[in-house]
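Note: the block below is coords-v9.csv and it holds CSV, C-alpha atoms.
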```csv
chain,number,residue,atom,x,y,z
A,1,MET,CA,6.9,17.7,-21.8
A,2,SER,CA,9.3,14.7,-21.7
A,3,ASP,CA,7.9,11.5,-20.1
A,4,LEU,CA,11.3,10.5,-18.7
A,5,GLN,CA,13.4,13.1,-16.9
A,6,THR,CA,16.9,12.8,-15.5
A,7,GLY,CA,18.7,14.8,-12.8
A,8,ALA,CA,17.6,16.0,-9.4
A,9,PRO,CA,14.2,17.9,-9.2
A,10,PRO,CA,14.5,21.6,-8.6
A,11,MET,CA,13.7,23.1,-5.2
A,12,LEU,CA,10.0,23.7,-4.9
A,13,LEU,CA,8.1,26.3,-2.8
A,14,LEU,CA,4.4,25.3,-2.3
A,15,ARG,CA,2.3,28.2,-1.3
A,16,ASN,CA,-1.1,28.5,0.4
A,17,ALA,CA,-1.5,24.8,1.1
A,18,ASP,CA,-4.2,23.6,3.6
A,19,VAL,CA,-2.1,21.0,5.2
A,20,PHE,CA,-3.3,17.7,6.7
A,21,ALA,CA,-0.2,16.0,8.1
A,22,PRO,CA,-2.5,13.9,8.6
A,23,GLU,CA,-3.6,16.1,11.5
A,24,ALA,CA,-4.9,19.6,10.4
A,25,LEU,CA,-2.1,22.2,10.3
A,26,GLY,CA,-4.0,25.0,8.6
A,27,LEU,CA,-2.7,27.2,5.8
A,28,GLN,CA,1.0,26.6,5.3
A,29,ASN,CA,3.9,27.1,2.9
A,30,LEU,CA,6.4,24.4,2.3
A,31,LEU,CA,9.9,24.3,0.9
A,32,LEU,CA,11.1,21.1,-0.8
A,33,GLY,CA,14.6,20.2,-1.8
A,34,GLY,CA,16.7,17.0,-2.3
A,35,GLY,CA,13.5,14.9,-2.2
A,36,ARG,CA,12.7,16.1,1.3
A,37,ILE,CA,10.5,18.6,3.1
A,38,LEU,CA,13.0,21.3,4.2
A,39,TRP,CA,10.7,23.8,5.9
A,40,ILE,CA,7.1,24.4,6.8
A,41,GLY,CA,5.7,27.8,8.0
A,42,SER,CA,2.7,30.1,7.8
A,43,ASP,CA,4.9,33.0,6.6
A,44,LEU,CA,7.0,32.9,3.4
A,45,PRO,CA,10.7,32.1,4.1
A,46,ASP,CA,13.4,34.7,3.4
A,47,LEU,CA,15.3,33.0,0.6
A,48,PRO,CA,18.3,34.2,-1.4
A,49,SER,CA,17.3,35.7,-4.8
A,50,THR,CA,20.0,33.7,-6.4
A,51,LEU,CA,18.5,30.4,-5.4
A,52,ALA,CA,16.6,28.7,-8.2
A,53,ILE,CA,13.2,27.8,-6.9
A,54,GLU,CA,10.0,26.8,-8.6
A,55,THR,CA,6.8,28.1,-7.0
A,56,ILE,CA,3.4,26.4,-7.0
A,57,ASP,CA,0.5,28.3,-5.5
A,58,LEU,CA,-2.0,25.7,-4.3
A,59,ARG,CA,-4.6,28.4,-3.6
A,60,GLY,CA,-5.9,26.8,-0.4
A,61,GLN,CA,-6.2,23.2,-1.7
A,62,ARG,CA,-5.9,20.4,0.8
A,63,LEU,CA,-2.4,19.0,0.9
A,64,ILE,CA,-2.0,15.4,2.2
A,65,PRO,CA,0.8,12.9,2.4
A,66,GLY,CA,1.3,10.8,-0.7
A,67,LEU,CA,-0.8,7.6,-0.4
A,68,ILE,CA,1.0,4.4,0.4
A,69,ASP,CA,-0.4,1.3,-1.4
A,70,GLY,CA,0.8,-1.7,0.6
A,71,HIS,CA,-0.5,-4.4,-1.8
A,72,VAL,CA,0.2,-4.0,-5.5
A,73,HIS,CA,0.8,-6.5,-8.3
A,74,VAL,CA,3.4,-4.4,-10.0
A,75,THR,CA,4.1,-7.2,-12.6
A,76,GLY,CA,0.4,-7.8,-13.0
A,77,GLY,CA,-1.4,-10.6,-11.3
A,78,GLY,CA,-3.9,-13.2,-12.6
A,79,GLY,CA,-3.3,-16.4,-14.4
A,80,GLU,CA,-6.0,-18.5,-12.8
A,81,ALA,CA,-7.8,-19.0,-16.1
A,82,GLY,CA,-4.7,-19.7,-18.2
A,83,PHE,CA,-1.8,-17.8,-19.5
A,84,HIS,CA,-4.0,-15.4,-21.5
A,85,SER,CA,-5.6,-14.3,-18.2
A,86,ARG,CA,-2.4,-12.8,-16.8
A,87,VAL,CA,-2.9,-9.1,-16.1
A,88,PRO,CA,-0.5,-6.6,-17.6
A,89,ALA,CA,1.8,-4.6,-15.4
A,90,VAL,CA,0.5,-1.3,-14.0
A,91,GLY,CA,2.0,1.9,-15.5
A,92,LEU,CA,3.6,4.7,-13.5
A,93,SER,CA,0.9,7.3,-14.2
A,94,ARG,CA,-1.9,5.1,-13.0
A,95,PHE,CA,-0.4,5.3,-9.6
A,96,THR,CA,0.5,9.0,-9.6
A,97,ARG,CA,-2.8,10.3,-11.0
A,98,SER,CA,-4.4,8.4,-8.1
A,99,GLY,CA,-2.3,10.1,-5.5
A,100,ILE,CA,-0.1,7.1,-4.8
A,101,THR,CA,3.6,7.8,-4.3
A,102,THR,CA,4.7,4.6,-2.6
A,103,VAL,CA,3.9,1.0,-3.6
A,104,ILE,CA,4.7,-2.4,-2.1
A,105,GLY,CA,4.9,-5.0,-4.9
A,106,LEU,CA,4.1,-8.7,-4.5
A,107,LEU,CA,3.4,-12.0,-6.3
A,108,GLY,CA,0.1,-13.7,-6.1
A,109,THR,CA,-1.4,-17.0,-7.4
A,110,ASP,CA,1.2,-17.1,-10.3
A,111,ASP,CA,4.5,-17.3,-8.5
A,112,VAL,CA,5.9,-19.6,-11.2
A,113,ALA,CA,5.7,-17.9,-14.6
A,114,ARG,CA,6.1,-14.6,-12.7
A,115,GLY,CA,8.9,-14.9,-10.2
A,116,PRO,CA,11.0,-12.8,-7.8
A,117,ARG,CA,13.4,-11.6,-10.4
A,118,GLU,CA,10.6,-10.1,-12.5
A,119,LEU,CA,9.0,-8.6,-9.3
A,120,LEU,CA,12.3,-7.0,-8.2
A,121,ALA,CA,12.9,-5.7,-11.8
A,122,ALA,CA,9.5,-4.1,-11.9
A,123,THR,CA,10.1,-2.6,-8.4
A,124,TYR,CA,13.4,-1.0,-9.5
A,125,ALA,CA,11.8,0.2,-12.7
A,126,LEU,CA,9.2,2.2,-10.7
A,127,ARG,CA,12.0,3.6,-8.6
A,128,GLU,CA,13.8,4.7,-11.8
A,129,LEU,CA,10.7,6.6,-12.8
A,130,GLY,CA,10.5,8.5,-9.5
A,131,LEU,CA,8.1,6.4,-7.4
A,132,SER,CA,9.1,4.9,-4.0
A,133,ALA,CA,8.8,1.2,-4.5
A,134,TYR,CA,9.4,-1.9,-2.3
A,135,ALA,CA,8.4,-5.5,-2.4
A,136,TYR,CA,7.8,-8.7,-0.5
A,137,THR,CA,9.6,-11.9,-1.2
A,138,GLY,CA,7.7,-15.2,-1.7
A,139,GLY,CA,4.1,-15.5,-3.1
A,140,TYR,CA,1.0,-17.5,-2.5
A,141,HIS,CA,2.7,-20.8,-2.0
A,142,LEU,CA,5.1,-22.7,0.2
A,143,PRO,CA,7.9,-23.3,0.0
A,144,PRO,CA,8.3,-19.6,-0.9
A,145,VAL,CA,10.0,-18.5,-4.1
A,146,THR,CA,13.1,-16.5,-3.2
A,147,MET,CA,16.1,-14.9,-4.8
A,148,THR,CA,18.8,-16.2,-2.5
A,149,GLY,CA,17.4,-19.5,-1.3
A,150,SER,CA,15.7,-18.4,1.9
A,151,VAL,CA,13.3,-15.7,3.1
A,152,ARG,CA,15.7,-14.6,5.8
A,153,SER,CA,18.7,-14.0,3.5
A,154,ASP,CA,16.4,-12.3,0.9
A,155,LEU,CA,15.3,-9.8,3.5
A,156,VAL,CA,18.8,-9.3,4.9
A,157,PHE,CA,20.7,-8.9,1.6
A,158,ILE,CA,18.1,-7.3,-0.8
A,159,GLU,CA,17.3,-3.7,0.3
A,160,ALA,CA,14.0,-3.4,-1.5
A,161,LEU,CA,12.4,-6.4,0.2
A,162,LEU,CA,10.5,-5.6,3.4
A,163,GLY,CA,8.8,-8.9,4.4
A,164,VAL,CA,7.2,-12.0,2.9
A,165,GLY,CA,3.9,-12.3,1.1
A,166,GLU,CA,1.2,-12.6,0.0
A,167,VAL,CA,1.1,-16.1,1.5
A,168,ALA,CA,-2.4,-17.6,0.9
A,169,ILE,CA,-4.4,-19.2,3.7
A,170,SER,CA,-8.1,-20.2,3.8
A,171,ASP,CA,-8.1,-20.4,0.0
A,172,HIS,CA,-8.4,-23.3,-2.4
A,173,ARG,CA,-5.5,-21.7,-4.4
A,174,SER,CA,-3.1,-21.9,-1.4
A,175,SER,CA,-0.6,-24.6,-0.6
A,176,GLN,CA,-2.7,-25.4,2.5
A,177,PRO,CA,0.1,-24.5,5.0
A,178,THR,CA,0.2,-26.1,8.4
A,179,LEU,CA,0.7,-24.2,11.6
A,180,ASP,CA,4.3,-25.3,11.9
A,181,GLU,CA,5.0,-24.1,8.3
A,182,LEU,CA,3.4,-20.7,9.0
A,183,LEU,CA,5.3,-20.3,12.2
A,184,ARG,CA,8.6,-21.1,10.5
A,185,LEU,CA,8.0,-18.6,7.8
A,186,ALA,CA,6.9,-15.9,10.2
A,187,SER,CA,10.0,-16.5,12.3
A,188,GLU,CA,12.2,-16.1,9.3
A,189,ALA,CA,10.6,-12.7,8.5
A,190,HIS,CA,10.7,-11.6,12.1
A,191,VAL,CA,14.4,-12.4,12.6
A,192,ALA,CA,15.4,-10.8,9.3
A,193,GLY,CA,13.5,-7.7,10.5
A,194,LEU,CA,15.4,-7.6,13.7
A,195,MET,CA,18.7,-7.9,11.8
A,196,THR,CA,17.9,-5.1,9.4
A,197,GLY,CA,15.4,-2.8,11.0
A,198,LYS,CA,12.9,-3.7,8.2
A,199,ALA,CA,9.3,-4.5,8.7
A,200,GLY,CA,9.9,-8.2,8.8
A,201,ILE,CA,6.2,-9.0,8.5
A,202,LEU,CA,4.2,-12.0,7.1
A,203,HIS,CA,1.6,-10.5,4.7
A,204,LEU,CA,-1.2,-13.0,4.5
A,205,HIS,CA,-3.8,-13.3,1.7
A,206,LEU,CA,-7.1,-14.4,3.2
A,207,GLY,CA,-9.4,-16.4,0.9
A,208,ASP,CA,-13.1,-17.0,1.7
A,209,GLY,CA,-12.6,-20.4,3.3
A,210,ALA,CA,-14.5,-21.2,6.4
A,211,ARG,CA,-11.3,-21.5,8.5
A,212,GLY,CA,-10.8,-17.8,8.2
A,213,LEU,CA,-8.0,-16.5,10.6
A,214,GLU,CA,-7.9,-19.7,12.6
A,215,LEU,CA,-4.2,-20.3,11.8
A,216,VAL,CA,-3.2,-16.8,12.8
A,217,ARG,CA,-5.0,-17.2,16.2
A,218,GLN,CA,-3.2,-20.5,16.7
A,219,ALA,CA,0.1,-18.9,15.9
A,220,LEU,CA,-0.5,-16.1,18.4
A,221,ASP,CA,-1.6,-18.6,21.1
A,222,GLN,CA,1.3,-21.1,20.5
A,223,SER,CA,4.4,-19.0,19.8
A,224,GLU,CA,6.5,-16.2,21.2
A,225,LEU,CA,6.3,-14.2,17.9
A,226,PRO,CA,4.9,-10.7,18.4
A,227,PRO,CA,1.5,-10.1,16.9
A,228,ARG,CA,2.7,-7.3,14.6
A,229,VAL,CA,4.5,-10.0,12.5
A,230,PHE,CA,1.2,-11.3,11.2
A,231,ASN,CA,-0.5,-8.9,8.7
A,232,PRO,CA,-3.7,-10.4,7.1
A,233,THR,CA,-5.2,-8.7,4.0
A,234,HIS,CA,-8.5,-8.9,2.2
A,235,VAL,CA,-10.1,-9.1,5.7
A,236,ASN,CA,-13.3,-7.4,4.4
A,237,ARG,CA,-14.1,-10.1,1.8
A,238,ARG,CA,-16.5,-11.7,4.2
A,239,GLN,CA,-18.4,-10.0,7.1
A,240,ALA,CA,-17.6,-12.8,9.6
A,241,LEU,CA,-14.0,-12.7,8.6
A,242,PHE,CA,-13.9,-9.0,9.3
A,243,ASP,CA,-15.2,-9.6,12.8
A,244,GLU,CA,-12.3,-12.1,13.3
A,245,ALA,CA,-9.9,-9.5,12.1
A,246,LEU,CA,-11.1,-7.0,14.6
A,247,ASP,CA,-10.2,-9.4,17.4
A,248,LEU,CA,-6.7,-9.8,15.9
A,249,ALA,CA,-6.2,-6.1,15.8
A,250,ARG,CA,-7.1,-5.9,19.5
A,251,ARG,CA,-4.4,-8.5,20.1
A,252,GLY,CA,-1.8,-6.4,18.3
A,253,CYS,CA,-1.9,-7.4,14.6
A,254,SER,CA,-2.3,-4.8,11.9
A,255,ILE,CA,-5.0,-5.7,9.4
A,256,ASP,CA,-5.3,-4.6,5.8
A,257,ILE,CA,-8.6,-3.7,4.1
A,258,THR,CA,-8.8,-4.1,0.3
A,259,ALA,CA,-10.6,-1.5,-1.8
A,260,PHE,CA,-12.3,-3.9,-4.1
A,261,PRO,CA,-15.8,-3.4,-5.6
A,262,VAL,CA,-18.6,-4.9,-3.5
A,263,GLU,CA,-22.1,-5.5,-4.9
A,264,ASP,CA,-25.3,-4.8,-3.1
A,265,GLY,CA,-26.3,-7.8,-0.9
A,266,GLU,CA,-22.8,-9.4,-1.2
A,267,ASP,CA,-21.4,-11.0,2.0
A,268,ALA,CA,-18.5,-8.5,2.2
A,269,TRP,CA,-17.8,-5.0,3.4
A,270,SER,CA,-16.7,-2.2,1.0
A,271,ALA,CA,-13.4,-0.6,2.1
A,272,ALA,CA,-15.3,2.5,3.3
A,273,ASP,CA,-17.8,0.4,5.3
A,274,ALA,CA,-15.0,-1.7,6.8
A,275,LEU,CA,-12.9,1.3,7.9
A,276,LEU,CA,-16.0,3.0,9.5
A,277,ARG,CA,-16.8,-0.2,11.3
A,278,TYR,CA,-13.3,-0.6,12.4
A,279,LEU,CA,-13.1,2.9,13.9
A,280,ASP,CA,-16.5,2.5,15.5
A,281,SER,CA,-15.4,-0.8,17.1
A,282,GLY,CA,-12.8,0.9,19.3
A,283,ALA,CA,-10.0,-1.3,17.9
A,284,PRO,CA,-6.6,0.6,17.9
A,285,ALA,CA,-6.8,3.2,15.1
A,286,GLU,CA,-3.2,2.8,14.2
A,287,ARG,CA,-3.6,-1.0,13.3
A,288,VAL,CA,-5.6,-0.7,10.2
A,289,THR,CA,-4.5,0.0,6.6
A,290,ILE,CA,-6.2,0.1,3.2
A,291,SER,CA,-4.7,-1.1,0.0
A,292,SER,CA,-5.9,-1.4,-3.6
A,293,ASP,CA,-4.7,-4.9,-4.9
A,294,ALA,CA,-3.9,-2.9,-8.0
A,295,GLY,CA,-3.0,-5.1,-11.0
A,296,GLY,CA,-4.3,-8.2,-9.3
A,297,CYS,CA,-7.2,-10.1,-10.7
A,298,LEU,CA,-10.4,-10.3,-8.7
A,299,PRO,CA,-11.8,-13.6,-9.8
A,300,CYS,CA,-15.1,-15.3,-8.9
A,301,PHE,CA,-15.0,-19.1,-8.9
A,302,ASP,CA,-17.7,-21.7,-9.5
A,303,ALA,CA,-18.3,-24.8,-7.3
A,304,ASP,CA,-15.5,-26.7,-9.1
A,305,GLY,CA,-13.0,-24.0,-8.6
A,306,HIS,CA,-13.1,-22.6,-12.2
A,307,VAL,CA,-13.0,-18.9,-12.9
A,308,SER,CA,-16.5,-17.7,-13.9
A,309,HIS,CA,-15.6,-14.1,-14.3
A,310,MET,CA,-13.0,-11.6,-13.1
A,311,ASP,CA,-12.2,-8.0,-12.5
A,312,VAL,CA,-8.9,-6.3,-12.0
A,313,GLY,CA,-7.8,-4.2,-9.0
A,314,ALA,CA,-7.2,-0.5,-9.8
A,315,PRO,CA,-4.9,2.0,-8.1
A,316,GLY,CA,-7.7,4.6,-8.2
A,317,ALA,CA,-9.7,2.6,-5.7
A,318,LEU,CA,-7.7,4.2,-2.8
A,319,LEU,CA,-8.6,7.8,-3.6
A,320,GLU,CA,-12.2,6.8,-4.4
A,321,THR,CA,-12.4,5.2,-1.0
A,322,LEU,CA,-10.9,8.2,0.7
A,323,ASN,CA,-13.5,10.5,-0.9
A,324,GLU,CA,-16.3,8.1,0.0
A,325,LEU,CA,-15.2,8.2,3.6
A,326,LEU,CA,-15.2,12.0,3.6
A,327,ALA,CA,-18.6,12.1,1.9
A,328,ARG,CA,-19.9,9.9,4.7
A,329,GLY,CA,-18.8,12.3,7.4
A,330,LEU,CA,-15.3,11.2,8.4
A,331,SER,CA,-12.8,14.0,8.6
A,332,LEU,CA,-9.5,14.0,6.8
A,333,PRO,CA,-7.5,13.6,10.0
A,334,GLN,CA,-9.6,10.5,10.9
A,335,ALA,CA,-9.6,8.9,7.4
A,336,LEU,CA,-6.0,9.6,6.2
A,337,PRO,CA,-3.9,7.4,8.6
A,338,ALA,CA,-5.2,4.2,7.1
A,339,PHE,CA,-3.7,5.3,3.7
A,340,THR,CA,-0.6,7.1,5.0
A,341,SER,CA,0.9,7.1,8.5
A,342,ASN,CA,-0.4,3.6,9.5
A,343,PRO,CA,1.2,1.7,6.6
A,344,ALA,CA,4.3,3.8,7.0
A,345,ARG,CA,4.5,2.7,10.7
A,346,LEU,CA,3.7,-1.0,9.9
A,347,LEU,CA,6.3,-1.1,7.1
A,348,ARG,CA,8.9,0.9,9.1
A,349,LEU,CA,9.2,3.5,6.4
A,350,ALA,CA,10.3,6.3,8.8
A,351,ASN,CA,10.2,9.2,6.3
A,352,LYS,CA,6.9,8.3,4.7
A,353,GLY,CA,3.2,8.9,5.6
A,354,ARG,CA,3.5,12.3,7.2
A,355,ILE,CA,4.0,16.0,6.3
A,356,GLU,CA,6.8,17.2,8.5
A,357,ILE,CA,10.3,18.7,8.2
A,358,GLY,CA,12.7,16.0,7.2
A,359,ALA,CA,10.0,13.7,5.7
A,360,ASP,CA,10.1,12.6,2.1
A,361,ALA,CA,8.5,15.1,-0.3
A,362,ASP,CA,5.6,12.8,-1.2
A,363,LEU,CA,2.6,15.1,-1.4
A,364,VAL,CA,-0.8,15.3,-3.0
A,365,ALA,CA,-3.0,18.4,-3.4
A,366,LEU,CA,-6.7,17.6,-3.7
A,367,ASP,CA,-9.1,19.8,-5.7
A,368,VAL,CA,-12.6,20.6,-4.5
A,369,ALA,CA,-13.9,17.4,-6.1
A,370,GLY,CA,-11.3,15.2,-4.3
A,371,ASN,CA,-9.2,14.6,-7.4
A,372,ALA,CA,-5.3,14.5,-7.3
A,373,HIS,CA,-4.7,18.0,-8.7
A,374,THR,CA,-0.9,18.1,-8.0
A,375,VAL,CA,1.2,15.0,-7.1
A,376,ILE,CA,4.8,15.3,-6.0
A,377,ALA,CA,6.9,12.1,-5.4
A,378,ARG,CA,10.3,12.3,-4.0
A,379,GLY,CA,10.3,16.0,-4.6
A,380,ALA,CA,9.5,15.8,-8.3
A,381,VAL,CA,6.1,16.9,-9.8
A,382,HIS,CA,4.3,14.0,-11.5
A,383,VAL,CA,0.9,15.6,-11.8
A,384,ARG,CA,0.2,19.3,-12.1
A,385,GLY,CA,-3.2,20.9,-12.5
A,386,GLY,CA,-4.6,17.4,-13.1
A,387,GLU,CA,-2.2,16.9,-16.0
A,388,ILE,CA,0.2,14.0,-16.0
A,389,MET,CA,3.7,15.3,-16.3
A,390,ARG,CA,5.7,12.0,-16.2
A,391,ARG,CA,4.9,8.7,-17.7
A,392,GLY,CA,6.6,5.4,-18.1
A,393,MET,CA,8.5,4.7,-21.3
A,394,PHE,CA,5.7,2.4,-22.7
A,395,GLU,CA,2.6,4.2,-21.5
A,396,ASP,CA,0.3,5.8,-24.0
```

Spit out the file's structure as structure tokens when you get a sec.
Amino acid sequence: MSDLQTGAPPMLLLRNADVFAPEALGLQNLLLGGGRILWIGSDLPDLPSTLAIETIDLRGQRLIPGLIDGHVHVTGGGGEAGFHSRVPAVGLSRFTRSGITTVIGLLGTDDVARGPRELLAATYALRELGLSAYAYTGGYHLPPVTMTGSVRSDLVFIEALLGVGEVAISDHRSSQPTLDELLRLASEAHVAGLMTGKAGILHLHLGDGARGLELVRQALDQSELPPRVFNPTHVNRRQALFDEALDLARRGCSIDITAFPVEDGEDAWSAADALLRYLDSGAPAERVTISSDAGGCLPCFDADGHVSHMDVGAPGALLETLNELLARGLSLPQALPAFTSNPARLLRLANKGRIEIGADADLVALDVAGNAHTVIARGAVHVRGGEIMRRGMFED
């Protein structure tokens, strides 16, 4: 069928879905229309015969909210080893076949050759293709790259921008921000959030430097800014850094775990290990999220700061992590919030992250092996029976 489709999706009736909202609701039927969940019930609704409705029988498959990936290089990341090392943009179907229905785009090390205009264009392109897409203003470095001249006006006047990031700290690639600079930037994001109802958060890239989260602790100790404004990511890249992040979560910050590959014996926690440790620690369960770093390069540096080798973040890492957590004994209601309701709460996306009447129709049906069998984004079917139904214009 056609890769690009126009017009509103038809009404959909999902039958025999084992719903996790993320809490378990049992076997339910759902009516979708206008991009929203219109009705949920155990009995079939009495609908007019003249109403055009497409029916999908999920035959008892687990139905979960669409995954929210809060850290994605939608333009591609990289560039640390020269222009040839810039990573290509991530295609639509790489997200949807991985069960991702909402992405938050950002700039990384290269916030010069790749700037806010390209980021915003890539965000809007994903929206045109049916995904829910937002972005952060700024990038690794200070002063932040912006569209309008300031972080605050970017967030106030550009609807798609939710916060500022990823701003690098404790990393040799950062601009080595001072506490005053970090506080000024966080205050800009916070005030813009107050003015607009947006998240207004400072999304912080954590490198493997020895200072770890020291700047964030100082910011909490020496300012009136609420802890929720500070949102560190990659906190599982060192085991000691993760312990620091647990303390911040207890103080009110939301921390973000990255689903990157971890080798045996490496001083890091895999995403599954990190979430299990987080939940076992007694830290607030609603203050942890997991993201993929999709499209971003995952470089290793030598002692002189040169790239020795690199990998690339993949959207599929989220679903792989979810399945690993289930295999290790966590239940879906325990595991799902970090991928769904928690990022929706942090990002103030009121209609995302849950299966309930009035929520956006972002849904994923999992087969017995944990693959995304059917994926619905904003009410439109993107994957059906494991087959990709919609692709971007330039995808193979």

Quick one: residues within 12 Å of Leu126 of chain A, all atoms listed in the file counted, chain neighbours fewer than 6 positions away excluded, as number ranges by chain? A: 4, 74-75, 89-96, 101-105, 119-120, 132-135, 160, 377, 390-393

Residue among A:Pro45, A:Gly138, A:Gly70, A:Gly197 lying closest to Thr289 of chain A, counting only C-alpha atoms: A:Gly70

Closest-contact table, segment 47-142 of chain A side, partner segment 174-178 of chain A, 9 Å, counting all atoms listed in the file, as JSON lines:
```
{"residue": "A:Thr109", "atom": "CA", "partner": "A:Ser174", "partner_atom": "CA", "distance": 7.9}
{"residue": "A:Tyr140", "atom": "CA", "partner": "A:Ser174", "partner_atom": "CA", "distance": 6.1}
{"residue": "A:His141", "atom": "CA", "partner": "A:Ser175", "partner_atom": "CA", "distance": 5.2}
{"residue": "A:Leu142", "atom": "CA", "partner": "A:Ser175", "partner_atom": "CA", "distance": 6.1}
```

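Closest approach to Ile53 of chain A among A:Val288, A:Glu244, A:Gly33, A:Gly66 is made by A:Gly33 (distances from all atoms listed in the file).
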
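Remark: for Leu202 of chain A, the closest of the candidate residues A:Arg378, A:Arg114, A:Arg228, A:Arg97 is A:Arg228 (distances computed over all atoms listed in the file).
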
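Considering the residues A:Glu395, A:Asp362, A:Asp367, A:Glu263 and counting all atoms listed in the file, Gly130 of chain A has its shortest atom-to-atom contact with A:Asp362.
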
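Separating atom CA of Asn236 of chain A from atom CA of Ser270 of chain A is a distance of 7.1 Å.
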
Residue with the minimum atom-to-atom distance to Leu25 of chain A, picked from A:Ile40, A:Val381, A:Leu13, A:Val164 with only C-alpha atoms counted, is A:Ile40

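Of the listed residues (A:Cys253, A:Leu179, A:Ala192, A:Ala125), A:Ala192 comes nearest to Ile158 of chain A; the distances count all atoms listed in the file.
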
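Interatomic distance, atom CA of Pro144 of chain A to atom CA of Val167 of chain A: 8.4 Å.
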
If we count only C-alpha atoms and set the cut-off at 8 Å, which residues sit around segment 324-330 of chain A, ignoring sequence neighbours fewer than 4 positions away in its own chain? Please answer as a PyMOL selection string. chain A and resi 272+276+320+334-335

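The spacing separating atom CA of Gly200 of chain A from atom CA of Leu162 of chain A amounts to 6.0 Å.
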
Taking 3 positions as the minimum chain separation for residues in the same chain, which residues sit within 9 Å of segment 213-227 of chain A when counting all atoms listed in the file? Answer as a PyMOL selection string. chain A and resi 169-170+178-180+182-183+186-187+190+206+230-232+241+244-245+248-249+251-254

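Residue neighbourhood of Pro22 of chain A, excluding near-sequence residues (fewer than 2 positions): Val19, Phe20, Ala24, Ile64, Pro65, Leu332, Pro333, Leu336, Pro337, Thr340, Ser341, Arg354 and Ile355 of chain A, at 8 Å, using all atoms listed in the file.
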
Compute the distance from (20.1, -13.7, 5.5) to each atom, counting all atoms listed in the file, keep the residues with any atom at most 12 Å away, and return them as a ChimeraX atom specification; use the coordinates of the file. /A:146-159,161,188-196

Using all atoms listed in the file, which protein or nucleic acid residues come within 7 Å of Ala294 of chain A? Drop anything in the same chain fewer than 6 positions from it, and give the result as a VMD selection string. chain A and resid 72 to 73 313 to 315
